[in-house]
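Here the structure is laid out as structure tokens; the discussion comes afterwards.
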Amino acid sequence: MTVRTRYAGSPTGYLHIGGAWAAFFNWLFARHHRGAFIIRVEDTDRSRSTEEFERAILEDLRWLGLEWDEGPEVGGPYGPYRQTERFDLYRRYARELLERGAAYECFCTPEELEAERRRAQERRAPYRYSGRCRELAPADRAAFVAEGRRPAIRVRMRDGGRVIVVNDLVRGAVEFSPEHLDDYIIVRSDGSPLYNFANVVDDHLMAITHSIRGAEHLSNTPKQLVMYEALGWTPPAFAHLPVILGADRKKLSKRFGDTAVRDFRRRGYLPDALLNFFALMGWYPQEDREIYALAELMERFRIEELGKASPTFDLAKLTWFNGVYMRQALETGPGRVVDVCLMVLGEHGVLPAPVSAEQRAYVEQVVRVLGDRLKVGEDILAYGDFFFTDVTYDPAAEQKYLRQPQVSGLLRSLADRLESDGALSREAAEAAVRGLAEEHGIHSREIIHPVRVALTGKTAGPGLFELMELLGRQRVVTRLRSAARAA
RNA sequence: GCCCCCAUCGUCCAGCCCGGCCUAGGACGCCGGUCUUUCAAGCCGGAAACGCGGGUUCGAAUCCCGCUGGGGGCACCA
């Protein structure tokens with residue numbers, strides 16, 4: 001049997017780390033088994049879903065490299081892949097459930113239900129639906145209809161009274177007692193399906209073999225199992241991934257905005273680094289190693305090896321992974337790093353969108369000079385903004401190195417030494433600086449530090465002489481003189 | 001409150017299923033050293049954990065029970 005997994009995202013926001021992580025394991029599992037990875041858009045909540053979010057999610061998934069075999073934009077034999085386009089299917093199965101007596105119409109209004117819930121809360125009792133509509137007499141039903149009430153549809157849960165066992169691939173057998181299961185609504189009174197229903201219908205119709213999803217869905221699973229049975233369907237295998245926690249130890253996806261995949265992209269993170277990081281957050285390849293090529297992950301991934309405990313999202317470790325991948329990319333050729341940096345530069349308006357060939361070449365040189373200091377694309381601004389803009393002096397740096405007695409004169413004499421025509425080579429720059437130091441009988445670092453601050457505004461950064469070469473004679477002299485005046 | 005899940009360094013993961021090889025291993029981060037014009041990277045070194053209490057056993061991080069702690073879920077959201 002061909003393995004078929006799916007990522008069923010809801011376009012109510014940007015793709016966040018938690019969603020991407022779940023999507024990744026679905027993808028990885030499918031790839032490992034040479035199966036199919038499907039994307040389904042769960043947009044039944046029309047008040048919160050937007051096309052813009054859908055586009056953004058697909059874009060981010062593609063950026064990560066999680067290509068799908070079936071789904072929106074690519075189609076496939078089990079379409080449509082957007083739930084709002086599948087309403088006739090849901091209606092059909094809702095009718096079937098009704099006919100089989102596995103579901104019933106419920107005429108209670110949201111207000112009435114809310115009141116029930118509140119009363120239960122006051123009694124400090126767990127809320128469960130009263131079941132008022134479970135056995136509605138035809139006359140009562142007619143009265144409700146005459147009143148203009150439109151029914152929602154509920155699934156009968158408590159019949160049978162047996163324990164429901166969820167056989168989870170990562171957690172083993174998890175038991176749920178029937179008395180805790182409530183009749184739940186599968187179709188709203190406006191006729192639109194709810195998650196627990198649409199999800200079941202679609203997973204079955206799309207021949208999904210493995211439902212790999214977040215642990216927040218574990219308690220939905222017994223409800224869904226009842227429906228599979230009522231419809232006479234074989235449920236997929238389930239694997240519930242732990243929930244990723246934020247630094248505050250709370251579910252990451254609930255913290256709005258700060259963990260969108262898109263933000264990491266914009267800040268200059270690499271998709272391979274993100275994926276490698278994802279893999280090792282929750283899964284252990286049985287050896288003391290961190291860096292895995294995607295092909296290797298695909299080869300070795302075993303769903304049974306997934307961890308059960310909730311991991312905490314560790315940005316510092318992600319950034320370390322990214323640094324490793326940036327360095328790797330730099331070795332094979334700076335192209336990818338340049339692209340990432342150009343994106344960051346564009347995002348920040350430092351080097352707006354259409355960049356010329358010369359600009360690109362310049363950025364490439366900056367990247368070479370910055371080298372392994374670039375752990376994340378945005379580091380080009382942290383370490384090399386002065387290559388693109390005027391110097392902004394770090395107050396502490398200025399205080400420490402520029403506001404010193406001899407500095408002004410030193411900077412001026414260096415400027416004088418460098419004042420001439422033609423390109424400035426790093427060798428010439430070094431000779432000038434060291435020569436000046438010797439002439440004054442001081443250690444070269446006593447001049448190197450102030451010069452660095454004068455040229456870059458910072459105490460940290462690339463090698464001074466390379467930096468001077470790239471900056472060019474003109475800018476070096478100008479900056480030295482203006483710093484000398486200020487000092 | 002009720003249901004469910006989880007529990008090894010600050011963090012991510014090994015080890016647990018099949019008790020002894022664990023003086024608990026690796027990585028991130030942190031601290032120190034080294035290299036050096038600074039920073040970064042690299043290299044060397046260091047601090048740092050089996051939540052608690054009971055069992056079982058010659059022996060428990062590993063098995064059992066309880067507690068505690070953390071998390072998720074209890075919608076006409078997904």
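How things are named: the first chain in the structure tokens is A, the next is B, and so on; residues count from 1 in each chain; ligands count from 1 in the order shown.
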
Glu175 of chain A environment, 9 Å, only C-alpha atoms (C1' of nucleotides), sequence neighbours closer than 5 positions dropped, as a ChimeraX atom specification: /A:163-167,222 /B:4

Segment 69-72 of chain B surroundings by only C-alpha atoms (C1' of nucleotides), 9 Å radius, close-in-sequence under 3 positions cut, as a ChimeraX atom specification: /A:215-219,242-243,245,249-251,310 /B:4-7,51

Point-to-point distance from atom CA of Thr456 of chain A to atom CA of Arg267 of chain A, Å rounded to tenths: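 Going from atom CA of Thr456 of chain A over to atom CA of Arg267 of chain A covers 22.0 Å.
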
Polymer residues at most 9 Å from Gly268 of chain A, only C-alpha atoms (C1' of nucleotides), same-chain spacing of 2 or more positions, as number ranges by chain: A: 263-266, 270, 337, 340-341, 343-344, 375-379

Segment 94-106 of chain A environment, 7 Å, only C-alpha atoms (C1' of nucleotides), sequence neighbours closer than 3 positions dropped, as a list in words: Tyr90, Arg91, Cys133, Arg134, Pro151, Ala152, Ile153, Arg154, Val155, Arg156, Ala230 and Leu231 of chain A

For the residues in the current selection, export N, CA and C atoms as a short mmCIF file (atom, residue, chain, number, x, y, z; two decimals), in the first residue's frame.
data_model
loop_
_atom_site.label_atom_id
_atom_site.label_comp_id
_atom_site.auth_asym_id
_atom_site.auth_seq_id
_atom_site.Cartn_x
_atom_site.Cartn_y
_atom_site.Cartn_z
N TYR A 90 -19.48 16.70 1.74
CA TYR A 90 -19.79 16.66 3.18
C TYR A 90 -21.28 16.50 3.39
N ARG A 91 -22.05 17.20 2.55
CA ARG A 91 -23.52 17.11 2.67
C ARG A 91 -23.96 15.66 2.47
N CYS A 133 -31.91 17.23 22.03
CA CYS A 133 -32.41 16.95 20.68
C CYS A 133 -32.15 15.52 20.22
N ARG A 134 -31.61 14.73 21.14
CA ARG A 134 -31.25 13.36 20.73
C ARG A 134 -32.46 12.58 20.21
N PRO A 151 -31.30 23.40 11.84
CA PRO A 151 -30.57 22.50 12.73
C PRO A 151 -29.08 22.37 12.39
N ALA A 152 -28.32 22.16 13.45
CA ALA A 152 -26.94 21.71 13.27
C ALA A 152 -27.02 20.19 13.32
N ILE A 153 -25.95 19.52 12.95
CA ILE A 153 -25.97 18.05 13.01
C ILE A 153 -24.94 17.56 14.02
N ARG A 154 -25.40 16.66 14.87
CA ARG A 154 -24.52 16.10 15.90
C ARG A 154 -24.33 14.61 15.70
N VAL A 155 -23.15 14.14 16.11
CA VAL A 155 -22.89 12.70 16.07
C VAL A 155 -23.20 12.13 17.44
N ARG A 156 -23.83 10.95 17.46
CA ARG A 156 -24.10 10.27 18.73
C ARG A 156 -22.83 9.61 19.22
N ALA A 230 -18.97 4.55 12.05
CA ALA A 230 -20.36 4.75 11.63
C ALA A 230 -20.48 4.73 10.11
N LEU A 231 -19.45 5.22 9.46
CA LEU A 231 -19.48 5.28 8.01
C LEU A 231 -18.94 4.00 7.38
#

Distance filter 9 Å, only C-alpha atoms (C1' of nucleotides), chain B against chain A, as a VMD selection string: chain B and resid 1 to 7 11 to 14 25 to 29 37 to 41 70 to 74 76 to 78
